[in-house]
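Structure file final-v9.txt (compact mmCIF, C-alpha atoms) is printed below.
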# COMPACT_ATOMS: atom_id res chain seq x y z
CA MET A 1 113.37 107.02 117.02
CA SER A 2 109.73 107.58 116.16
CA ILE A 3 108.25 106.35 112.90
CA TYR A 4 107.69 109.89 111.75
CA GLU A 5 110.28 112.32 113.10
CA SER A 6 109.44 115.57 111.36
CA ILE A 7 107.15 117.08 108.82
CA ASP A 8 109.59 118.72 106.39
CA VAL A 9 107.00 119.72 103.79
CA VAL A 10 108.24 119.90 100.20
CA PRO A 11 107.08 123.01 98.32
CA PHE A 12 104.51 122.15 95.67
CA ASN A 13 106.57 123.60 92.82
CA LYS A 14 109.41 121.22 93.63
CA VAL A 15 107.27 118.10 93.24
CA THR A 16 106.40 116.58 89.90
CA ILE A 17 103.29 114.51 89.36
CA PHE A 18 102.90 112.84 85.98
CA LEU A 19 99.43 112.64 84.56
CA GLN A 20 100.45 110.62 81.51
CA TYR A 21 101.33 107.11 82.65
CA GLN A 22 103.52 104.63 80.86
CA SER A 23 101.17 101.87 82.03
CA ASP A 24 97.74 101.32 83.53
CA PRO A 25 98.57 99.55 86.80
CA PHE A 26 95.02 98.33 87.36
CA SER A 27 94.57 96.76 83.93
CA LEU A 28 97.84 94.86 84.26
CA VAL A 29 96.43 92.83 87.17
CA SER A 30 92.71 93.03 86.38
CA ASN A 31 92.34 89.26 85.99
CA GLU A 32 94.10 88.61 89.30
CA LEU A 33 92.00 91.27 91.03
CA SER A 34 88.82 89.67 89.76
CA LEU A 35 89.89 86.22 90.93
CA LEU A 36 90.90 87.60 94.31
CA ALA A 37 87.53 89.28 94.82
CA THR A 38 85.65 86.15 93.71
CA ARG A 39 87.58 83.89 96.11
CA MET A 40 86.98 86.20 99.04
CA ARG A 41 83.24 86.56 98.34
CA SER A 42 82.91 82.79 97.99
CA LEU A 43 84.79 82.25 101.24
CA LEU A 44 82.41 84.46 103.18
CA ALA A 45 79.23 83.25 101.49
CA SER A 46 80.12 79.58 102.06
CA GLU A 47 80.68 80.08 105.78
CA PHE A 48 77.83 82.53 106.32
CA PRO A 49 75.03 81.59 103.85
CA LYS A 50 72.86 84.44 105.11
CA LEU A 51 75.58 86.84 104.00
CA ALA A 52 75.74 85.67 100.39
CA SER A 53 74.39 89.02 99.18
CA GLY A 54 76.24 90.93 101.89
CA ALA A 55 79.54 89.51 100.67
CA ASP A 56 79.31 91.69 97.58
CA TYR A 57 78.89 94.73 99.80
CA ILE A 58 81.75 93.83 102.13
CA PHE A 59 84.35 93.42 99.42
CA LYS A 60 83.37 96.63 97.73
CA MET A 61 85.12 98.13 100.78
CA GLY A 62 88.25 96.11 100.06
CA VAL A 63 89.40 94.67 96.76
CA GLU A 64 86.76 96.44 94.70
CA GLY A 65 87.03 99.92 96.18
CA LYS A 66 89.86 102.03 94.86
CA HIS A 67 91.83 98.72 94.95
CA PHE A 68 95.20 100.49 95.00
CA ARG A 69 96.47 98.20 97.78
CA PRO A 70 95.84 94.78 96.15
CA THR A 71 97.00 96.24 92.83
CA ALA A 72 100.30 97.31 94.42
CA LEU A 73 100.77 93.91 96.04
CA LEU A 74 99.95 91.93 92.91
CA LEU A 75 102.38 94.08 90.91
CA MET A 76 105.00 93.58 93.61
CA THR A 77 104.78 89.80 93.08
CA THR A 78 106.30 90.24 89.60
CA ALA A 79 108.72 93.09 90.33
CA PHE A 80 111.78 91.07 91.40
CA ASN A 81 114.59 89.35 89.53
CA ILE A 82 114.34 85.63 90.29
CA PRO A 83 116.36 83.04 88.36
CA ILE A 84 113.99 80.37 87.05
CA SER A 85 114.16 77.38 84.79
CA LYS A 86 112.75 77.42 81.27
CA SER A 87 109.98 74.99 82.27
CA SER A 88 108.92 77.29 85.11
CA ALA A 89 108.99 80.29 82.83
CA ASP A 90 106.54 78.55 80.49
CA GLU A 91 103.96 78.07 83.24
CA VAL A 92 100.94 80.34 83.51
CA SER A 93 99.21 81.75 86.54
CA ALA A 94 95.64 80.95 87.55
CA ALA A 95 94.58 84.16 85.83
CA GLY A 96 95.94 82.92 82.51
CA ALA A 97 98.95 85.27 82.36
CA PRO A 98 102.53 84.05 81.93
CA SER A 99 104.22 83.67 85.30
CA PRO A 100 107.77 85.01 85.55
CA PHE A 101 108.47 82.75 88.55
CA GLY A 102 106.48 79.62 87.86
CA THR A 103 102.98 78.97 89.10
CA GLN A 104 103.82 77.54 92.54
CA LEU A 105 105.93 80.47 93.73
CA HIS A 106 103.70 83.04 92.08
CA THR A 107 100.64 81.57 93.80
CA ARG A 108 102.38 81.81 97.17
CA LEU A 109 103.24 85.46 96.52
CA GLN A 110 99.69 86.24 95.42
CA LEU A 111 98.39 84.67 98.61
CA ILE A 112 99.95 87.60 100.49
CA ALA A 113 97.59 89.95 98.60
CA GLU A 114 94.62 87.80 99.61
CA ILE A 115 95.73 87.65 103.24
CA THR A 116 96.21 91.42 103.24
CA GLU A 117 92.66 92.01 102.02
CA LEU A 118 91.25 89.64 104.63
CA ILE A 119 93.07 91.62 107.32
CA HIS A 120 92.07 94.95 105.78
CA VAL A 121 88.37 94.20 105.46
CA GLY A 122 88.25 92.51 108.87
CA GLY A 123 89.83 95.63 110.31
CA LEU A 124 87.34 97.87 108.50
CA LEU A 125 84.41 95.99 110.00
CA HIS A 126 85.82 96.44 113.50
CA GLY A 127 86.90 100.02 112.77
CA ASP A 128 83.44 101.11 111.64
CA ILE A 129 82.09 100.09 115.03
CA SER A 130 84.79 101.85 117.05
CA ASP A 131 84.50 104.96 114.82
CA GLY A 132 80.72 105.01 114.98
CA ALA A 133 80.81 105.41 111.20
CA GLU A 134 77.62 106.14 109.32
CA THR A 135 79.03 106.18 105.78
CA ARG A 136 81.83 104.60 103.80
CA ARG A 137 82.07 106.18 100.37
CA ASP A 138 78.70 105.60 98.69
CA LEU A 139 77.74 102.71 100.97
CA GLY A 140 76.52 102.57 104.54
CA PRO A 141 78.83 100.63 106.86
CA PHE A 142 78.17 96.95 107.37
CA ASN A 143 77.50 97.27 111.09
CA LEU A 144 74.51 99.54 110.40
CA LEU A 145 73.09 97.08 107.89
CA LEU A 146 73.31 93.92 109.98
CA GLY A 147 74.22 95.08 113.47
CA ASN A 148 77.41 95.36 115.48
CA LYS A 149 77.39 91.78 116.75
CA LEU A 150 77.39 90.21 113.28
CA ALA A 151 79.89 92.76 112.00
CA VAL A 152 82.30 91.81 114.81
CA LEU A 153 81.82 88.09 114.14
CA VAL A 154 82.44 88.49 110.41
CA GLY A 155 85.51 90.63 111.12
CA ASP A 156 86.82 87.96 113.50
CA PHE A 157 86.16 85.25 110.90
CA LEU A 158 88.08 87.12 108.18
CA LEU A 159 91.03 87.72 110.50
CA SER A 160 91.09 84.07 111.56
CA ARG A 161 91.09 82.94 107.92
CA ALA A 162 93.97 85.29 107.27
CA TYR A 163 95.96 83.52 109.99
CA VAL A 164 95.10 80.10 108.57
CA ALA A 165 96.36 81.21 105.16
CA LEU A 166 99.47 82.70 106.77
CA ALA A 167 100.23 79.42 108.52
CA SER A 168 99.97 77.57 105.20
CA LEU A 169 102.96 79.55 103.91
CA GLU A 170 105.15 77.93 106.59
CA ASN A 171 107.35 81.01 106.88
CA THR A 172 107.81 82.20 110.46
CA GLU A 173 109.22 85.62 109.46
CA VAL A 174 106.22 86.42 107.26
CA LEU A 175 103.86 85.08 109.93
CA SER A 176 105.49 87.39 112.49
CA LEU A 177 105.38 90.42 110.18
CA LEU A 178 101.72 90.16 109.26
CA GLY A 179 100.71 89.00 112.73
CA LYS A 180 102.21 92.22 114.07
CA VAL A 181 100.07 94.19 111.63
CA VAL A 182 96.88 93.20 113.46
CA GLU A 183 98.38 94.59 116.67
CA HIS A 184 99.25 97.77 114.76
CA LEU A 185 95.66 98.13 113.55
CA ALA A 186 94.44 98.02 117.15
CA THR A 187 97.11 100.52 118.19
CA GLY A 188 96.09 102.85 115.36
CA GLU A 189 92.43 102.72 116.33
CA THR A 190 93.34 103.50 119.94
CA MET A 191 95.51 106.43 118.87
CA GLN A 192 92.71 107.77 116.67
CA MET A 193 90.36 107.72 119.65
CA GLY A 194 92.93 109.96 121.29
CA MET A 195 92.51 112.49 118.47
CA THR A 196 88.74 112.75 118.72
CA GLY A 197 88.27 115.96 120.68
CA MET A 198 88.34 116.60 124.46
CA THR A 199 91.71 114.91 124.80
CA SER A 200 95.36 115.49 125.64
CA GLU A 201 97.16 118.21 123.73
CA ARG A 202 99.97 115.76 123.02
CA CYS A 203 97.79 114.15 120.35
CA PHE A 204 97.47 117.35 118.31
CA ASN A 205 100.70 117.30 116.30
CA MET A 206 101.90 115.80 113.05
CA GLN A 207 104.33 113.35 114.61
CA TYR A 208 101.52 111.71 116.61
CA TYR A 209 99.24 111.83 113.58
CA MET A 210 101.74 110.17 111.23
CA GLU A 211 102.54 107.47 113.78
CA LYS A 212 98.82 106.78 114.07
CA THR A 213 98.55 106.71 110.26
CA TYR A 214 101.41 104.24 110.05
CA TYR A 215 99.76 101.84 112.49
CA LYS A 216 96.26 102.27 111.06
CA ARG A 217 97.09 102.40 107.33
CA SER A 218 100.70 102.05 106.24
CA SER A 219 101.82 99.10 108.37
CA LEU A 220 99.60 96.65 106.50
CA ILE A 221 100.75 97.44 102.98
CA SER A 222 104.40 98.02 103.92
CA ASN A 223 104.77 94.74 105.78
CA SER A 224 102.86 92.92 103.04
CA CYS A 225 105.30 94.28 100.45
CA ARG A 226 108.22 93.16 102.63
CA SER A 227 106.62 89.72 103.02
CA ILE A 228 106.33 89.30 99.25
CA ALA A 229 110.02 90.16 98.83
CA LEU A 230 111.04 87.69 101.55
CA LEU A 231 108.92 84.89 100.10
CA ALA A 232 110.48 85.62 96.71
CA GLY A 233 113.90 84.97 98.22
CA GLN A 234 115.13 88.55 98.01
CA THR A 235 117.90 90.10 100.10
CA THR A 236 117.25 92.15 103.22
CA GLU A 237 118.14 95.28 101.22
CA VAL A 238 115.50 94.53 98.59
CA ALA A 239 112.93 93.62 101.24
CA ASN A 240 113.59 96.98 102.93
CA LEU A 241 113.03 98.82 99.64
CA ALA A 242 109.73 96.96 99.18
CA TYR A 243 108.77 97.96 102.72
CA ASP A 244 109.70 101.61 102.06
CA TYR A 245 107.56 101.58 98.93
CA GLY A 246 104.51 100.30 100.80
CA LYS A 247 104.99 102.60 103.78
CA ASN A 248 105.27 105.75 101.69
CA LEU A 249 102.47 104.72 99.33
CA GLY A 250 100.24 104.23 102.36
CA PHE A 251 101.13 107.68 103.71
CA ALA A 252 100.52 109.32 100.33
CA HIS A 253 97.14 107.63 99.97
CA GLN A 254 95.92 108.58 103.45
CA LEU A 255 97.10 112.20 103.20
CA THR A 256 95.33 112.53 99.85
CA LYS A 257 92.15 111.14 101.42
CA ASP A 258 92.51 113.71 104.20
CA VAL A 259 92.70 116.51 101.64
CA LEU A 260 89.76 115.16 99.63
CA ASP A 261 87.58 115.14 102.73
CA PHE A 262 87.81 118.93 102.67
CA THR A 263 88.20 119.70 98.97
CA GLY A 264 85.56 117.39 97.52
CA SER A 265 83.37 120.45 97.01
CA TYR A 266 83.44 122.46 100.24
CA MET A 267 86.20 124.92 99.44
CA SER A 268 84.38 126.10 96.32
CA SER A 269 80.71 125.71 97.22
CA GLY A 270 80.56 125.47 101.00
CA LYS A 271 79.22 121.92 100.78
CA GLY A 272 81.16 118.69 100.86
CA PRO A 273 81.80 115.39 102.61
CA LEU A 274 83.61 116.74 105.71
CA THR A 275 83.17 113.27 107.15
CA ASN A 276 86.19 113.33 109.46
CA ILE A 277 85.63 116.67 111.14
CA ARG A 278 81.90 115.96 111.60
CA ASN A 279 82.88 112.75 113.38
CA GLY A 280 85.38 114.68 115.49
CA ILE A 281 88.39 113.13 113.73
CA ILE A 282 91.35 115.49 113.34
CA THR A 283 93.48 115.02 110.22
CA ALA A 284 96.61 116.47 108.62
CA PRO A 285 95.13 119.63 106.99
CA LEU A 286 93.81 120.87 110.35
CA LEU A 287 97.02 120.03 112.19
CA LEU A 288 99.06 121.89 109.58
CA ALA A 289 96.64 124.82 109.70
CA MET A 290 97.14 124.93 113.47
CA GLU A 291 100.81 125.77 112.90
CA GLU A 292 99.64 129.06 111.38
CA PHE A 293 96.67 129.56 113.69
CA PRO A 294 97.51 128.17 117.18
CA GLN A 295 94.03 129.15 118.37
CA LEU A 296 92.75 126.12 116.44
CA ASN A 297 94.13 124.01 119.28
CA GLU A 298 91.46 125.30 121.65
CA VAL A 299 88.74 124.56 119.10
CA MET A 300 90.00 121.00 118.62
CA GLN A 301 90.21 120.46 122.38
CA ARG A 302 86.47 121.14 122.60
CA GLY A 303 85.69 118.57 119.94
CA PHE A 304 83.31 119.26 117.09
CA ASP A 305 79.91 118.49 118.62
CA ASP A 306 78.99 122.15 118.20
CA PRO A 307 78.45 123.03 114.50
CA ALA A 308 79.79 126.50 115.30
CA ASP A 309 83.17 124.94 116.13
CA VAL A 310 83.14 123.05 112.84
CA ASP A 311 82.52 126.32 110.99
CA LEU A 312 85.24 128.08 112.97
CA ALA A 313 87.80 125.35 112.23
CA LEU A 314 86.91 125.41 108.54
CA ASP A 315 87.36 129.17 108.47
CA PHE A 316 90.87 128.84 109.91
CA LEU A 317 91.62 126.05 107.46
CA LYS A 318 90.46 128.09 104.49
CA ARG A 319 92.73 131.00 105.51
CA SER A 320 95.73 128.73 106.07
CA GLN A 321 98.08 126.68 103.92
CA GLY A 322 96.94 123.49 105.64
CA ILE A 323 95.44 121.83 102.59
CA GLU A 324 98.34 122.81 100.31
CA LYS A 325 100.89 121.53 102.83
CA ALA A 326 99.03 118.24 103.28
CA ARG A 327 98.90 117.79 99.52
CA ASP A 328 102.62 118.55 99.22
CA LEU A 329 103.36 116.06 101.98
CA ALA A 330 101.38 113.39 100.12
CA LEU A 331 103.42 114.10 96.99
CA LYS A 332 106.65 113.92 98.97
CA HIS A 333 105.78 110.42 100.21
CA ALA A 334 104.65 109.39 96.72
CA ASN A 335 108.05 110.44 95.38
CA GLN A 336 109.81 108.49 98.12
CA ALA A 337 107.78 105.39 97.22
CA ALA A 338 108.73 105.77 93.54
CA GLU A 339 112.39 106.20 94.52
CA ALA A 340 112.31 102.91 96.44
CA ILE A 341 111.25 101.07 93.28
CA SER A 342 113.88 102.84 91.18
CA LEU A 343 116.55 101.59 93.61
CA LEU A 344 115.65 97.92 93.15
CA PRO A 345 118.65 96.11 91.64
CA THR A 346 118.65 95.31 87.94
CA SER A 347 120.43 92.53 86.11
CA ALA A 348 120.99 91.15 82.65
CA ASP A 349 118.23 88.65 83.42
CA ASP A 350 115.55 91.36 83.66
CA ASN A 351 112.47 90.49 81.63
CA LYS A 352 109.65 92.58 80.29
CA ILE A 353 107.25 91.52 83.04
CA VAL A 354 109.62 92.69 85.79
CA SER A 355 110.28 96.02 84.05
CA ARG A 356 106.58 96.56 83.35
CA SER A 357 105.60 95.78 86.94
CA ARG A 358 108.16 98.21 88.35
CA GLN A 359 106.99 100.99 86.04
CA ALA A 360 103.38 100.30 87.03
CA LEU A 361 104.31 100.52 90.71
CA ILE A 362 105.91 103.92 90.04
CA ASP A 363 102.86 105.07 88.08
CA LEU A 364 100.66 104.01 90.99
CA THR A 365 102.43 106.50 93.24
CA ASP A 366 101.20 109.31 91.00
CA ILE A 367 97.67 107.94 90.73
CA VAL A 368 97.08 107.81 94.49
CA CYS A 369 97.77 111.55 94.72
CA ILE A 370 95.26 112.64 92.09
CA ASN A 371 92.30 114.52 93.57
CA LYS A 372 89.16 112.78 92.33

What would you get if you wrote out this structure as C-alpha cells?
Amino acid sequence: MSIYESIDVVPFNKVTIFLQYQSDPFSLVSNELSLLATRMRSLLASEFPKLASGADYIFKMGVEGKHFRPTALLLMTTAFNIPISKSSADEVSAAGAPSPFGTQLHTRLQLIAEITELIHVGGLLHGDISDGAETRRDLGPFNLLLGNKLAVLVGDFLLSRAYVALASLENTEVLSLLGKVVEHLATGETMQMGMTGMTSERCFNMQYYMEKTYYKRSSLISNSCRSIALLAGQTTEVANLAYDYGKNLGFAHQLTKDVLDFTGSYMSSGKGPLTNIRNGIITAPLLLAMEEFPQLNEVMQRGFDDPADVDLALDFLKRSQGIEKARDLALKHANQAAEAISLLPTSADDNKIVSRSRQALIDLTDIVCINK
C-alpha cells in the first residue's frame, strides 16, 4: 500500500479551524528553543570558525524560522504519562522549567529535537543545491553566499553530528528510525526532480506528490515524534499515535506552504512569490487544478521555462478549485493530527504539564494552516 492512497478532499465547510487558542505553543517552549538554537550555532562556529557569522544565517532556516517542527517535538517530550518518583518530579530542566520526567530522561528526549534540526538544516543545505534555489524566505540560500562546496561540507558535518548524537542515545530502534529519514530525504529530492517539467506523466498526480512530500517533509517529524515516544517508554500504540501526529502535521504544513506560494499576493494583485512554479516545481494546487483542466498536463510536461506557460498555468489555476482543494486537504491532515493527540491514553496520574503540552500540540495543528 502506498503512503498516500487517495486524495479524498474534505469540503471546506466541514472543517473547523480555531483562531482562538487555549495556549501559545511557541511560548511554552521558548526557553528550550533558545537553548537549542544557541547550542547548534555554537557547534557550527566552533568547528568552522570562518562560519561564526554564517551560523546565525544557517539556523534561521531551521530552529529560528517558523520553528513549528522543534516546537512540536519539544512539546511532545512532555505529552506522555510516565510514572516518576517525587525526587525526579522536583528536578528542573536545563531551561529552568520543572521537568515532568526528571532531568536525565527529559534531556534525552530533547536531544531528539536537536538531532532533528541537525538533519533538517543539513538537508536544506544539500536541497538548495539540488533545487538550484535562489531564495529561502527573506534570505538568500547558503550555497549562493559561500559556494556549493562549502555548503555541501557544512551539510555533511551537520548530518554526521546528528549520527554521533543518535549513537549516544544507545537505542538501536531510534537509530534505525532516524537513520532511515536521511534516506527518505534523498528519495524525496529525487522524486521532486521527477516533477520538474519535461518528465514522465506518472509524476503528475497527487499520490506521487504526497509520497514525495512524505519522504521530503513528513518523514523527519513523524519518525522523530515516534522516537520520542519510544525513548519515553511508551507502548507501540502510543508511538504510532505520535507518528501519525507528526506525519499529518508535516502534510498540513507543506500543503499550506504550497497554497501560500500562490496566494501570497498574486491572486489579488497579479504579483507574488510564485517561487515553485518559476523554478519548475509542480505542487498540489496545480495538480488539483489539472483534475478540472486536463490540458494543464501538457503545459506541465513542457516545464515552465517559457513565461507564457507560467501565465497559462496560473490562468487555469485561477479558474479552478485547486487552491481551495489544497487548503481543504491541509485542514483535513491538521484535523487528523489533532485527533491523534486526542487519542493518547489518559490516567489518574495526568499532570498539568502533560495536559498543557497535549493542548498545545492540538493548537499547533491549527496554527500551521493559517495563511500568513

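With all atoms listed in the file as the atoms that count, the minimum distance from Ala289 of chain A to the choices A:Ala334, A:Leu317, A:Leu343, A:Leu312 is reached by A:Leu317.
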
Residues proximal to (93.9, 108.1, 113.6) were defined as those with any atom within 8 Å of that point in the file's coordinates, counting all atoms listed in the file. Which are they, as a PDB file with C-alpha atoms, in the coordinates of the input?
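Saved the output as result.pdb:
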ATOM      1  CA  GLY A 188      96.090 102.850 115.360  1.00  0.00           C
ATOM      2  CA  GLU A 189      92.430 102.720 116.330  1.00  0.00           C
ATOM      3  CA  THR A 190      93.340 103.500 119.940  1.00  0.00           C
ATOM      4  CA  MET A 191      95.510 106.430 118.870  1.00  0.00           C
ATOM      5  CA  GLN A 192      92.710 107.770 116.670  1.00  0.00           C
ATOM      6  CA  MET A 193      90.360 107.720 119.650  1.00  0.00           C
ATOM      7  CA  GLY A 194      92.930 109.960 121.290  1.00  0.00           C
ATOM      8  CA  MET A 195      92.510 112.490 118.470  1.00  0.00           C
ATOM      9  CA  TYR A 209      99.240 111.830 113.580  1.00  0.00           C
ATOM     10  CA  LYS A 212      98.820 106.780 114.070  1.00  0.00           C
ATOM     11  CA  THR A 213      98.550 106.710 110.260  1.00  0.00           C
ATOM     12  CA  LYS A 216      96.260 102.270 111.060  1.00  0.00           C
ATOM     13  CA  ILE A 281      88.390 113.130 113.730  1.00  0.00           C
ATOM     14  CA  ILE A 282      91.350 115.490 113.340  1.00  0.00           C
ATOM     15  CA  THR A 283      93.480 115.020 110.220  1.00  0.00           C
TER      16      THR A 283
END

Would you pick out the contacts of Asp309 of chain A at 10 Å or less, using only C-alpha atoms, so that residues sharing its chain but fewer than 6 positions from it are not included, and give the list as a PyMOL selection string?
chain A and resi 277+296+298-300+302-303+315

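Taking atom CA of Ile341 of chain A as the reference point, atom CA of Cys369 of chain A is found at 17.1 Å.
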
I'd like the contact shell of Ala360 of chain A - 9 Å cut-off, all atoms listed in the file, skipping same-chain residues fewer than 5 positions apart - returned as an NGL selection string.
:A and (21-26 or 28 or 72 or 75 or 355 or 365)

Resulting file, chosen residues, C-alpha atoms, as a compact mmCIF listing (two decimals), in the frame of the given file:
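Output (again_34.txt):
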# COMPACT_ATOMS: atom_id res chain seq x y z
CA TYR A 21 101.33 107.11 82.65
CA GLN A 22 103.52 104.63 80.86
CA SER A 23 101.17 101.87 82.03
CA ASP A 24 97.74 101.32 83.53
CA PRO A 25 98.57 99.55 86.80
CA PHE A 26 95.02 98.33 87.36
CA LEU A 28 97.84 94.86 84.26
CA ALA A 72 100.30 97.31 94.42
CA LEU A 75 102.38 94.08 90.91
CA SER A 355 110.28 96.02 84.05
CA THR A 365 102.43 106.50 93.24

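Take atom CA of Ala239 of chain A and atom CA of Val174 of chain A: the distance between them is 11.5 Å.
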
For segment 161-170 of chain A, supply all heavy atoms and format the output as an mmCIF file, in the coordinates of the input.
data_model
loop_
_atom_site.group_PDB
_atom_site.id
_atom_site.type_symbol
_atom_site.label_atom_id
_atom_site.label_comp_id
_atom_site.auth_asym_id
_atom_site.auth_seq_id
_atom_site.Cartn_x
_atom_site.Cartn_y
_atom_site.Cartn_z
ATOM 1 N N ARG A 161 90.728 83.569 109.194
ATOM 2 C CA ARG A 161 91.090 82.940 107.920
ATOM 3 C C ARG A 161 92.397 83.478 107.390
ATOM 4 O O ARG A 161 93.160 82.771 106.712
ATOM 5 C CB ARG A 161 89.963 83.125 106.902
ATOM 6 C CG ARG A 161 88.695 82.329 107.192
ATOM 7 C CD ARG A 161 88.980 80.847 107.403
ATOM 8 N NE ARG A 161 89.477 80.188 106.218
ATOM 9 C CZ ARG A 161 88.748 79.381 105.456
ATOM 10 N NH1 ARG A 161 87.490 79.133 105.776
ATOM 11 N NH2 ARG A 161 89.275 78.809 104.401
ATOM 12 N N ALA A 162 92.676 84.730 107.666
ATOM 13 C CA ALA A 162 93.970 85.290 107.270
ATOM 14 C C ALA A 162 95.101 84.544 107.959
ATOM 15 O O ALA A 162 96.128 84.225 107.341
ATOM 16 C CB ALA A 162 94.018 86.784 107.609
ATOM 17 N N TYR A 163 94.923 84.232 109.257
ATOM 18 C CA TYR A 163 95.960 83.520 109.990
ATOM 19 C C TYR A 163 96.113 82.076 109.495
ATOM 20 O O TYR A 163 97.230 81.541 109.439
ATOM 21 C CB TYR A 163 95.657 83.527 111.486
ATOM 22 C CG TYR A 163 96.115 84.784 112.171
ATOM 23 C CD1 TYR A 163 95.201 85.723 112.648
ATOM 24 C CD2 TYR A 163 97.472 85.056 112.332
ATOM 25 C CE1 TYR A 163 95.623 86.887 113.268
ATOM 26 C CE2 TYR A 163 97.903 86.215 112.948
ATOM 27 C CZ TYR A 163 96.978 87.136 113.417
ATOM 28 O OH TYR A 163 97.399 88.285 114.022
ATOM 29 N N VAL A 164 95.010 81.450 109.131
ATOM 30 C CA VAL A 164 95.100 80.100 108.570
ATOM 31 C C VAL A 164 95.903 80.114 107.278
ATOM 32 O O VAL A 164 96.781 79.262 107.048
ATOM 33 C CB VAL A 164 93.683 79.532 108.314
ATOM 34 C CG1 VAL A 164 93.761 78.231 107.515
ATOM 35 C CG2 VAL A 164 92.955 79.295 109.631
ATOM 36 N N ALA A 165 95.621 81.094 106.425
ATOM 37 C CA ALA A 165 96.360 81.210 105.160
ATOM 38 C C ALA A 165 97.829 81.527 105.427
ATOM 39 O O ALA A 165 98.726 80.998 104.754
ATOM 40 C CB ALA A 165 95.729 82.299 104.290
ATOM 41 N N LEU A 166 98.090 82.383 106.417
ATOM 42 C CA LEU A 166 99.470 82.700 106.770
ATOM 43 C C LEU A 166 100.231 81.446 107.205
ATOM 44 O O LEU A 166 101.379 81.220 106.809
ATOM 45 C CB LEU A 166 99.495 83.724 107.904
ATOM 46 C CG LEU A 166 99.579 85.200 107.545
ATOM 47 C CD1 LEU A 166 99.439 86.058 108.803
ATOM 48 C CD2 LEU A 166 100.875 85.516 106.830
ATOM 49 N N ALA A 167 99.582 80.644 108.022
ATOM 50 C CA ALA A 167 100.230 79.420 108.520
ATOM 51 C C ALA A 167 100.569 78.477 107.371
ATOM 52 O O ALA A 167 101.594 77.780 107.410
ATOM 53 C CB ALA A 167 99.327 78.728 109.532
ATOM 54 N N SER A 168 99.738 78.471 106.334
ATOM 55 C CA SER A 168 99.970 77.570 105.200
ATOM 56 C C SER A 168 101.253 77.929 104.439
ATOM 57 O O SER A 168 101.803 77.090 103.724
ATOM 58 C CB SER A 168 98.772 77.603 104.244
ATOM 59 O OG SER A 168 98.736 78.822 103.499
ATOM 60 N N LEU A 169 101.727 79.148 104.584
ATOM 61 C CA LEU A 169 102.960 79.550 103.910
ATOM 62 C C LEU A 169 104.200 78.968 104.580
ATOM 63 O O LEU A 169 105.279 78.934 103.973
ATOM 64 C CB LEU A 169 103.073 81.079 103.885
ATOM 65 C CG LEU A 169 102.046 81.813 103.023
ATOM 66 C CD1 LEU A 169 102.143 83.315 103.242
ATOM 67 C CD2 LEU A 169 102.245 81.473 101.543
ATOM 68 N N GLU A 170 104.056 78.559 105.848
ATOM 69 C CA GLU A 170 105.150 77.930 106.590
ATOM 70 C C GLU A 170 106.404 78.795 106.579
ATOM 71 O O GLU A 170 107.524 78.313 106.361
ATOM 72 C CB GLU A 170 105.448 76.526 106.044
ATOM 73 C CG GLU A 170 104.266 75.575 106.165
ATOM 74 C CD GLU A 170 104.578 74.186 105.661
ATOM 75 O OE1 GLU A 170 105.560 74.037 104.890
ATOM 76 O OE2 GLU A 170 103.869 73.244 106.043
#
